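**Student:** I am sharing target_11.txt, which consists of compact mmCIF, C-alpha atoms:
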```
# COMPACT_ATOMS: atom_id res chain seq x y z
CA MET A 16 -1.78 4.48 8.12
CA ALA A 17 -3.71 4.45 4.88
CA LEU A 18 -7.12 3.18 3.87
CA LEU A 19 -7.58 1.75 0.39
CA GLU A 20 -10.98 1.08 -1.16
CA GLY A 21 -12.23 -1.23 -3.88
CA PRO A 22 -10.61 -3.76 -6.16
CA ASP A 23 -8.38 -1.08 -7.70
CA HIS A 24 -6.97 -0.17 -4.23
CA ARG A 25 -7.77 3.54 -4.35
CA TYR A 26 -6.54 5.70 -1.47
CA ALA A 27 -9.49 6.94 0.60
CA PHE A 28 -7.26 8.17 3.44
CA SER A 29 -3.56 8.61 4.16
CA ASN A 30 -2.41 10.11 7.45
CA ALA A 31 0.51 12.51 7.85
CA ALA A 32 2.93 9.79 9.00
CA ASN A 33 2.16 7.66 5.92
CA ASN A 34 2.53 10.70 3.66
CA ARG A 35 5.96 11.44 5.17
CA LEU A 36 7.00 7.81 4.90
CA LEU A 37 6.05 7.64 1.23
CA GLY A 38 7.18 11.16 0.37
CA ARG A 39 3.78 12.21 -0.95
CA SER A 40 0.74 14.10 0.25
CA ASP A 41 -1.39 13.69 -2.89
CA LEU A 42 -2.41 10.04 -2.47
CA VAL A 43 -6.15 10.35 -1.77
CA GLY A 44 -8.11 9.58 -4.93
CA LYS A 45 -5.23 7.74 -6.63
CA THR A 46 -4.83 4.00 -6.93
CA VAL A 47 -1.70 2.37 -5.56
CA ALA A 48 -0.68 1.56 -9.15
CA GLU A 49 -1.13 5.21 -10.22
CA ALA A 50 0.78 6.60 -7.25
CA PHE A 51 3.55 3.99 -7.22
CA PRO A 52 3.84 2.21 -10.59
CA HIS A 53 7.15 0.64 -9.56
CA LEU A 54 5.37 -1.29 -6.78
CA VAL A 55 3.26 -3.17 -9.34
CA GLU A 56 6.39 -4.94 -10.63
CA ARG A 57 7.48 -5.79 -7.09
CA GLY A 58 4.28 -7.68 -6.27
CA PHE A 59 2.74 -5.23 -3.78
CA VAL A 60 -0.46 -4.79 -5.81
CA GLU A 61 -0.68 -8.56 -6.32
CA GLN A 62 -0.62 -8.96 -2.53
CA LEU A 63 -3.36 -6.33 -2.19
CA ASP A 64 -5.40 -8.19 -4.82
CA ARG A 65 -5.07 -11.41 -2.82
CA VAL A 66 -6.12 -9.74 0.44
CA TYR A 67 -9.08 -8.12 -1.29
CA ALA A 68 -10.19 -11.39 -2.89
CA THR A 69 -9.70 -13.70 0.10
CA GLY A 70 -10.31 -11.44 3.09
CA GLU A 71 -7.12 -12.84 4.64
CA PRO A 72 -4.67 -10.26 6.03
CA TYR A 73 -1.08 -10.12 4.83
CA ILE A 74 1.74 -9.35 7.26
CA GLY A 75 5.09 -8.33 5.83
CA ASN A 76 7.98 -8.51 8.29
CA ALA A 77 11.45 -7.05 7.76
CA LEU A 78 10.89 -6.47 4.04
CA PRO A 79 13.13 -4.12 2.03
CA PHE A 80 11.36 -1.03 0.79
CA GLU A 81 12.54 2.07 -1.07
CA ILE A 82 11.27 5.40 0.23
CA ARG A 83 11.51 8.83 -1.40
CA ASP A 84 11.21 11.92 0.79
CA THR A 85 9.83 13.76 -2.24
CA PRO A 86 8.87 12.46 -5.68
CA ALA A 87 12.15 13.77 -7.15
CA ALA A 88 14.38 12.54 -4.30
CA VAL A 89 16.81 9.65 -4.54
CA PRO A 90 15.20 6.54 -3.01
CA ARG A 91 16.40 5.43 0.42
CA ARG A 92 16.33 1.74 1.28
CA ARG A 93 14.52 0.85 4.51
CA ILE A 94 13.37 -2.32 6.19
CA MET A 95 9.66 -2.24 6.99
CA ASN A 96 6.95 -4.21 8.71
CA TYR A 97 3.45 -3.67 7.39
CA VAL A 98 -0.02 -5.20 7.44
CA TYR A 99 -2.64 -5.33 4.71
CA GLN A 100 -5.75 -5.76 6.86
CA PRO A 101 -9.07 -6.24 5.06
CA ILE A 102 -12.02 -4.32 6.47
CA ARG A 103 -15.50 -5.52 5.67
CA THR A 104 -18.80 -3.89 6.47
CA ALA A 105 -21.55 -5.85 8.20
CA ALA A 106 -23.46 -5.86 4.90
CA ALA A 107 -20.52 -7.26 2.90
CA ALA A 108 -20.84 -10.94 2.21
CA PRO A 109 -17.72 -13.05 2.49
CA ILE A 110 -16.05 -13.76 -0.82
CA THR A 111 -16.17 -17.41 -1.75
```
Translate the structure described by the file into structure tokens.
**Tutor:**
Amino acid sequence: MALLEGPDHRYAFSNAANNRLLGRSDLVGKTVAEAFPHLVERGFVEQLDRVYATGEPYIGNALPFEIRDTPAAVPRRRIMNYVYQPIRTAAAAPIT
């Protein structure tokens, strides 16, 4: 699990399982684009932008994903399910 904040999708939290999955433990404080520039081209950040703007969750089922055990490792192809779930505070007004 990870928690991203703001329109630039900056990591505020990444648990140990997410760090292992993504092959990194230095995510907190980085944006998704900074940590994984190759994901920008694949549309992942565009999906995050849409979820942030609309407040509608995105569910990805059985999508191919490349994972590196370490930054220098050869990528391994996996099939993943994931959810981009927006979290709003009580004070946050809906985006219209």
**Student:** Out of A:Asp23, A:Asn33, A:Arg39, A:Arg65, which residue has the shortest atom-to-atom distance to Tyr97 in chain A when counting all atoms listed in the file?
**Tutor:** A:Asn33
**Student:** Would you kindly identify which residues have an atom no farther than 12 Å from (-6.8, 4.8, 3.4), using only C-alpha atoms and the file's own coordinates, and write them out as a PyMOL selection string?
**Tutor:** chain A and resi 16-21+24-31+33-34+42-47+99-102
**Student:** How would the residues just picked look written out with C-alpha atoms as a PDB file, in the frame of the given file?
**Tutor:**
```pdb
ATOM      1  CA  MET A  16      -1.780   4.480   8.120  1.00  0.00           C
ATOM      2  CA  ALA A  17      -3.710   4.450   4.880  1.00  0.00           C
ATOM      3  CA  LEU A  18      -7.120   3.180   3.870  1.00  0.00           C
ATOM      4  CA  LEU A  19      -7.580   1.750   0.390  1.00  0.00           C
ATOM      5  CA  GLU A  20     -10.980   1.080  -1.160  1.00  0.00           C
ATOM      6  CA  GLY A  21     -12.230  -1.230  -3.880  1.00  0.00           C
ATOM      7  CA  HIS A  24      -6.970  -0.170  -4.230  1.00  0.00           C
ATOM      8  CA  ARG A  25      -7.770   3.540  -4.350  1.00  0.00           C
ATOM      9  CA  TYR A  26      -6.540   5.700  -1.470  1.00  0.00           C
ATOM     10  CA  ALA A  27      -9.490   6.940   0.600  1.00  0.00           C
ATOM     11  CA  PHE A  28      -7.260   8.170   3.440  1.00  0.00           C
ATOM     12  CA  SER A  29      -3.560   8.610   4.160  1.00  0.00           C
ATOM     13  CA  ASN A  30      -2.410  10.110   7.450  1.00  0.00           C
ATOM     14  CA  ALA A  31       0.510  12.510   7.850  1.00  0.00           C
ATOM     15  CA  ASN A  33       2.160   7.660   5.920  1.00  0.00           C
ATOM     16  CA  ASN A  34       2.530  10.700   3.660  1.00  0.00           C
ATOM     17  CA  LEU A  42      -2.410  10.040  -2.470  1.00  0.00           C
ATOM     18  CA  VAL A  43      -6.150  10.350  -1.770  1.00  0.00           C
ATOM     19  CA  GLY A  44      -8.110   9.580  -4.930  1.00  0.00           C
ATOM     20  CA  LYS A  45      -5.230   7.740  -6.630  1.00  0.00           C
ATOM     21  CA  THR A  46      -4.830   4.000  -6.930  1.00  0.00           C
ATOM     22  CA  VAL A  47      -1.700   2.370  -5.560  1.00  0.00           C
ATOM     23  CA  TYR A  99      -2.640  -5.330   4.710  1.00  0.00           C
ATOM     24  CA  GLN A 100      -5.750  -5.760   6.860  1.00  0.00           C
ATOM     25  CA  PRO A 101      -9.070  -6.240   5.060  1.00  0.00           C
ATOM     26  CA  ILE A 102     -12.020  -4.320   6.470  1.00  0.00           C
TER      27      ILE A 102
END
```
**Student:** How big is the axis-aligned box around the listed atoms of range 70-76 of chain A once 6 Å is added on each side, and where is its centre? Give both in Å to one decimal, as lines of an AutoDock Vina configuration file.
**Tutor:**
```
center_x = -1.2
center_y = -10.6
center_z = 5.7
size_x = 30.3
size_y = 16.5
size_z = 17.2
```
**Student:** Using only C-alpha atoms, which residues sit within 8 Å of range 73-75 of chain A once same-chain residues fewer than 2 positions away are excluded, as JSON, numbers by chain?
**Tutor:** {"A": [62, 66, 71, 77, 78, 95, 96, 97, 98, 99, 100]}
**Student:** What separation in Å, quoted to one decimal, exists between CA of Ala48 in chain A and CA of Val60 in chain A?
**Tutor:**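 Atom-to-atom, CA of Ala48 in chain A and CA of Val60 in chain A are spaced 7.2 Å apart.
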**Student:** For CA of Leu37 in chain A and CA of Arg103 in chain A, quote the distance in Å rounded to one decimal.
**Tutor:**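 Spanning CA of Leu37 in chain A to CA of Arg103 in chain A is a straight-line distance of 25.6 Å.
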**Student:** Just checking: using all atoms listed in the file, which residue out of A:Ile94, A:Thr69, A:Gly38, A:Thr104 ends up closest to Phe51 in chain A?
**Tutor:**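 The answer is A:Gly38, which sits nearest to Phe51 in chain A.
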**Student:** Tell me which of A:Ala87, A:Leu36, A:Phe80, A:Pro22 sits closest to Leu54 in chain A, counting only C-alpha atoms.
**Tutor:**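 Looking at the shortest contact to Leu54 in chain A, the residue is A:Phe80.
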**Student:** For CA of Leu63 in chain A and CA of Glu81 in chain A, determine how far apart the two atoms are, in Å to one decimal place.
**Tutor:**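 CA of Glu81 in chain A lies at a distance of 18.0 Å from CA of Leu63 in chain A.
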